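A.B. asks: Structure: my_file.cif, mmCIF, C-alpha atoms; chains and numbers go by the auth columns.
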```cif
data_input
#
loop_
_atom_site.group_PDB
_atom_site.id
_atom_site.type_symbol
_atom_site.label_atom_id
_atom_site.label_comp_id
_atom_site.label_asym_id
_atom_site.label_seq_id
_atom_site.Cartn_x
_atom_site.Cartn_y
_atom_site.Cartn_z
_atom_site.B_iso_or_equiv
_atom_site.auth_seq_id
_atom_site.auth_asym_id
ATOM 1 C CA MET A 1 -5.140 -6.580 -1.598 0.00 11 A
ATOM 2 C CA GLU A 2 -6.973 -9.773 -0.760 0.00 12 A
ATOM 3 C CA ASN A 3 -9.824 -9.003 -3.160 0.00 13 A
ATOM 4 C CA MET A 4 -7.431 -8.491 -6.060 0.00 14 A
ATOM 5 C CA THR A 5 -4.804 -11.166 -5.383 0.00 15 A
ATOM 6 C CA GLY A 6 -6.377 -13.651 -2.989 0.00 16 A
ATOM 7 C CA LYS A 7 -3.474 -12.966 -0.606 0.00 17 A
ATOM 8 C CA GLU A 8 -4.088 -11.704 2.911 0.00 18 A
ATOM 9 C CA ASP A 9 -0.445 -10.662 3.396 0.00 19 A
ATOM 10 C CA TYR A 10 0.421 -7.388 1.636 0.00 20 A
ATOM 11 C CA THR A 11 3.922 -8.410 0.566 0.00 21 A
ATOM 12 C CA ALA A 12 2.659 -11.736 -0.784 0.00 22 A
ATOM 13 C CA GLY A 13 0.001 -9.803 -2.699 0.00 23 A
ATOM 14 C CA VAL A 14 2.595 -7.460 -4.178 0.00 24 A
ATOM 15 C CA ASN A 15 4.708 -10.445 -5.213 0.00 25 A
ATOM 16 C CA TRP A 16 1.648 -11.996 -6.876 0.00 26 A
ATOM 17 C CA ILE A 17 1.108 -8.790 -8.863 0.00 27 A
ATOM 18 C CA ARG A 18 4.787 -8.590 -9.857 0.00 28 A
ATOM 19 C CA GLU A 19 4.744 -12.171 -11.158 0.00 29 A
ATOM 20 C CA ARG A 20 1.993 -11.226 -13.600 0.00 30 A
ATOM 21 C CA TYR A 21 2.635 -7.581 -14.508 0.00 31 A
ATOM 22 C CA GLN A 22 5.672 -5.381 -15.166 0.00 32 A
ATOM 23 C CA ILE A 23 5.005 -2.748 -12.505 0.00 33 A
ATOM 24 C CA PRO A 24 8.224 -1.286 -11.041 0.00 34 A
ATOM 25 C CA LEU A 25 6.639 0.766 -8.245 0.00 35 A
ATOM 26 C CA ILE A 26 3.691 -0.464 -6.219 0.00 36 A
ATOM 27 C CA LEU A 27 2.145 1.746 -3.517 0.00 37 A
ATOM 28 C CA VAL A 28 -0.053 0.095 -0.911 0.00 38 A
ATOM 29 C CA SER A 29 -2.345 2.029 1.402 0.00 39 A
ATOM 30 C CA MET A 30 -3.196 0.093 4.518 0.00 40 A
ATOM 31 C CA GLY A 31 -5.933 2.456 5.625 0.00 41 A
ATOM 32 C CA LYS A 32 -5.209 4.494 8.708 0.00 42 A
ATOM 33 C CA GLU A 33 -2.551 1.988 9.802 0.00 43 A
ATOM 34 C CA GLU A 34 0.298 2.842 7.421 0.00 44 A
ATOM 35 C CA SER A 35 1.439 2.904 3.798 0.00 45 A
ATOM 36 C CA ARG A 36 4.069 0.936 1.928 0.00 46 A
ATOM 37 C CA ALA A 37 6.059 1.430 -1.236 0.00 47 A
ATOM 38 C CA TYR A 38 7.611 -1.535 -3.035 0.00 48 A
ATOM 39 C CA TYR A 39 10.354 -0.795 -5.573 0.00 49 A
ATOM 40 C CA ASN A 40 13.361 -2.648 -6.951 0.00 50 A
ATOM 41 C CA GLY A 41 13.341 -5.336 -4.249 0.00 51 A
ATOM 42 C CA MET A 42 12.916 -2.817 -1.436 0.00 52 A
ATOM 43 C CA MET A 43 9.990 -1.964 0.792 0.00 53 A
ATOM 44 C CA VAL A 44 9.527 1.319 2.643 0.00 54 A
ATOM 45 C CA GLU A 45 6.889 1.541 5.343 0.00 55 A
ATOM 46 C CA VAL A 46 5.547 4.848 6.680 0.00 56 A
ATOM 47 C CA LYS A 47 3.344 5.349 9.699 0.00 57 A
ATOM 48 C CA PRO A 48 0.422 7.753 9.319 0.00 58 A
ATOM 49 C CA PHE A 49 0.928 11.384 10.187 0.00 59 A
ATOM 50 C CA LEU A 50 -1.015 14.608 10.043 0.00 60 A
ATOM 51 C CA GLN A 51 0.407 17.995 9.214 0.00 61 A
ATOM 52 C CA LYS A 52 -1.128 21.332 10.125 0.00 62 A
ATOM 53 C CA ASN A 53 -2.384 21.710 6.527 0.00 63 A
ATOM 54 C CA THR A 54 -3.868 18.199 6.315 0.00 64 A
ATOM 55 C CA ILE A 55 -7.498 18.217 5.261 0.00 65 A
ATOM 56 C CA ILE A 56 -9.668 15.568 6.860 0.00 66 A
ATOM 57 C CA ARG A 57 -13.004 14.787 5.208 0.00 67 A
ATOM 58 C CA LEU A 58 -15.651 13.415 7.490 0.00 68 A
ATOM 59 C CA LYS A 59 -18.666 11.621 6.059 0.00 69 A
ATOM 60 C CA PHE A 60 -21.875 11.495 8.023 0.00 70 A
#
```
Show me, as structure tokens, the structure contained in the file I just sent.
C.D. replies:
Amino acid sequence: MENMTGKEDYTAGVNWIRERYQIPLILVSMGKEESRAYYNGMMVEVKPFLQKNTIIRLKF
């Protein structure tokens, strides 16, 4: 987010994007920490989870 918008805060970065572009739904991956979805003035935050059928790719 910071590389694209210059904003360290994710919500501030999303607001920066919205001021410039007409994007109704913005999905933000925060690495292994969590993910967020911004839509219509709302934000939903989801903690990471693994299911039994989750495929994990390891790079060596």
A.B. asks: For stretch 45-56 of chain A, please output as a VMD selection string all residues within 9 Å (counting only C-alpha atoms; exclusion window: fewer than 3 positions along the same chain).
C.D. replies: chain A and resid 21 24 33 to 42 59
A.B. asks: Between atom CA of A:Arg30 and atom CA of A:Thr15, what is the distance, to one decimal in Å?
C.D. replies: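 That distance, rounded to one decimal, is 10.7 Å.
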A.B. asks: Mind giving me the straight-line distance from atom CA of A:Tyr31 to atom CA of A:Asp19 in Å, one decimal?
C.D. replies: 18.4 Å
A.B. asks: Atom CA of A:Glu29 and atom CA of A:Met14, how far apart in Å?
C.D. replies: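 Atom CA of A:Glu29 lies 13.7 Å from atom CA of A:Met14.
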A.B. asks: First collect every listed atom of stretch 57-63 of chain A; then fit an axis-aligned box around them, widen it by 4 Å on each side, and give centre and edge lengths in Å to one decimal, as AutoDock Vina command-line options.
C.D. replies:
```
--center_x 0.5 --center_y 13.5 --center_z 8.4 --size_x 13.7 --size_y 24.4 --size_z 11.7
```
A.B. asks: Extract stretch 35-48 of chain A from the preceding block and save all heavy atoms as a tab-separated table (two decimals), in the first residue's frame.
C.D. replies:
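This is the output file part.tsv:
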```tsv
chain	number	residue	atom	x	y	z
A	35	LEU	N	-15.05	-1.72	-4.94
A	35	LEU	CA	-14.60	-2.76	-4.01
A	35	LEU	C	-13.09	-2.84	-4.05
A	35	LEU	O	-12.50	-3.06	-5.11
A	35	LEU	CB	-15.20	-4.12	-4.39
A	35	LEU	CG	-14.71	-5.33	-3.60
A	35	LEU	CD1	-15.08	-5.21	-2.12
A	35	LEU	CD2	-15.26	-6.61	-4.19
A	36	ILE	N	-12.47	-2.66	-2.90
A	36	ILE	CA	-11.01	-2.75	-2.81
A	36	ILE	C	-10.68	-3.82	-1.78
A	36	ILE	O	-11.12	-3.76	-0.63
A	36	ILE	CB	-10.38	-1.40	-2.42
A	36	ILE	CG1	-10.72	-0.34	-3.48
A	36	ILE	CG2	-8.87	-1.55	-2.24
A	36	ILE	CD1	-10.22	1.05	-3.16
A	37	LEU	N	-9.90	-4.82	-2.20
A	37	LEU	CA	-9.46	-5.91	-1.33
A	37	LEU	C	-7.99	-5.68	-1.00
A	37	LEU	O	-7.18	-5.44	-1.89
A	37	LEU	CB	-9.64	-7.25	-2.02
A	37	LEU	CG	-11.06	-7.55	-2.51
A	37	LEU	CD1	-11.08	-8.83	-3.31
A	37	LEU	CD2	-12.02	-7.62	-1.35
A	38	VAL	N	-7.67	-5.78	0.28
A	38	VAL	CA	-6.30	-5.54	0.73
A	38	VAL	C	-5.81	-6.77	1.47
A	38	VAL	O	-6.40	-7.18	2.47
A	38	VAL	CB	-6.23	-4.30	1.66
A	38	VAL	CG1	-4.81	-4.08	2.15
A	38	VAL	CG2	-6.75	-3.06	0.96
A	39	SER	N	-4.73	-7.35	0.98
A	39	SER	CA	-4.08	-8.45	1.68
A	39	SER	C	-2.97	-7.87	2.53
A	39	SER	O	-2.14	-7.12	2.05
A	39	SER	CB	-3.49	-9.45	0.67
A	39	SER	OG	-2.71	-10.39	1.36
A	40	MET	N	-2.97	-8.22	3.79
A	40	MET	CA	-1.97	-7.72	4.71
A	40	MET	C	-1.03	-8.86	5.10
A	40	MET	O	-0.68	-9.04	6.26
A	40	MET	CB	-2.67	-7.10	5.91
A	40	MET	CG	-3.53	-5.91	5.47
A	40	MET	SD	-4.85	-5.44	6.58
A	40	MET	CE	-4.01	-5.03	8.06
A	41	GLY	N	-0.66	-9.64	4.08
A	41	GLY	CA	0.24	-10.76	4.30
A	41	GLY	C	-0.40	-11.82	5.17
A	41	GLY	O	-1.60	-12.08	5.08
A	42	LYS	N	0.36	-12.41	6.04
A	42	LYS	CA	-0.17	-13.46	6.90
A	42	LYS	C	-0.94	-12.90	8.09
A	42	LYS	O	-1.48	-13.64	8.89
A	42	LYS	CB	0.95	-14.37	7.38
A	42	LYS	CG	1.99	-13.69	8.22
A	42	LYS	CD	3.09	-14.66	8.60
A	42	LYS	CE	4.14	-13.94	9.43
A	42	LYS	NZ	5.19	-14.83	9.85
A	43	GLU	N	-1.00	-11.58	8.22
A	43	GLU	CA	-1.70	-10.96	9.33
A	43	GLU	C	-3.22	-11.04	9.20
A	43	GLU	O	-3.89	-11.51	10.10
A	43	GLU	CB	-1.28	-9.49	9.46
A	43	GLU	CG	0.20	-9.28	9.70
A	43	GLU	CD	0.69	-9.94	10.98
A	43	GLU	OE1	-0.02	-9.86	12.01
A	43	GLU	OE2	1.77	-10.54	10.94
A	44	GLU	N	-3.75	-10.54	8.09
A	44	GLU	CA	-5.19	-10.53	7.87
A	44	GLU	C	-5.49	-9.97	6.49
A	44	GLU	O	-4.58	-9.60	5.75
A	44	GLU	CB	-5.90	-9.69	8.92
A	44	GLU	CG	-5.42	-8.25	8.98
A	44	GLU	CD	-5.76	-7.58	10.31
A	44	GLU	OE1	-6.47	-8.16	11.13
A	44	GLU	OE2	-5.30	-6.46	10.51
A	45	SER	N	-6.76	-9.90	6.15
A	45	SER	CA	-7.21	-9.30	4.89
A	45	SER	C	-8.36	-8.36	5.19
A	45	SER	O	-9.08	-8.54	6.16
A	45	SER	CB	-7.67	-10.37	3.92
A	45	SER	OG	-6.61	-11.23	3.59
A	46	ARG	N	-8.52	-7.37	4.32
A	46	ARG	CA	-9.62	-6.42	4.47
A	46	ARG	C	-10.33	-6.23	3.15
A	46	ARG	O	-9.72	-6.31	2.09
A	46	ARG	CB	-9.10	-5.05	4.93
A	46	ARG	CG	-8.59	-5.03	6.33
A	46	ARG	CD	-8.15	-3.63	6.69
A	46	ARG	NE	-7.60	-3.60	8.03
A	46	ARG	CZ	-7.01	-2.55	8.56
A	46	ARG	NH1	-6.88	-1.44	7.86
A	46	ARG	NH2	-6.53	-2.59	9.77
A	47	ALA	N	-11.62	-5.95	3.25
A	47	ALA	CA	-12.42	-5.58	2.09
A	47	ALA	C	-13.08	-4.24	2.40
A	47	ALA	O	-13.66	-4.07	3.47
A	47	ALA	CB	-13.48	-6.63	1.81
A	48	TYR	N	-12.94	-3.30	1.48
A	48	TYR	CA	-13.55	-1.98	1.62
A	48	TYR	C	-14.61	-1.86	0.53
A	48	TYR	O	-14.32	-2.02	-0.65
A	48	TYR	CB	-12.50	-0.88	1.42
A	48	TYR	CG	-11.44	-0.84	2.49
A	48	TYR	CD1	-10.31	-1.65	2.42
A	48	TYR	CD2	-11.55	0.04	3.56
A	48	TYR	CE1	-9.33	-1.59	3.39
A	48	TYR	CE2	-10.57	0.10	4.54
A	48	TYR	CZ	-9.47	-0.71	4.45
A	48	TYR	OH	-8.50	-0.65	5.42
```
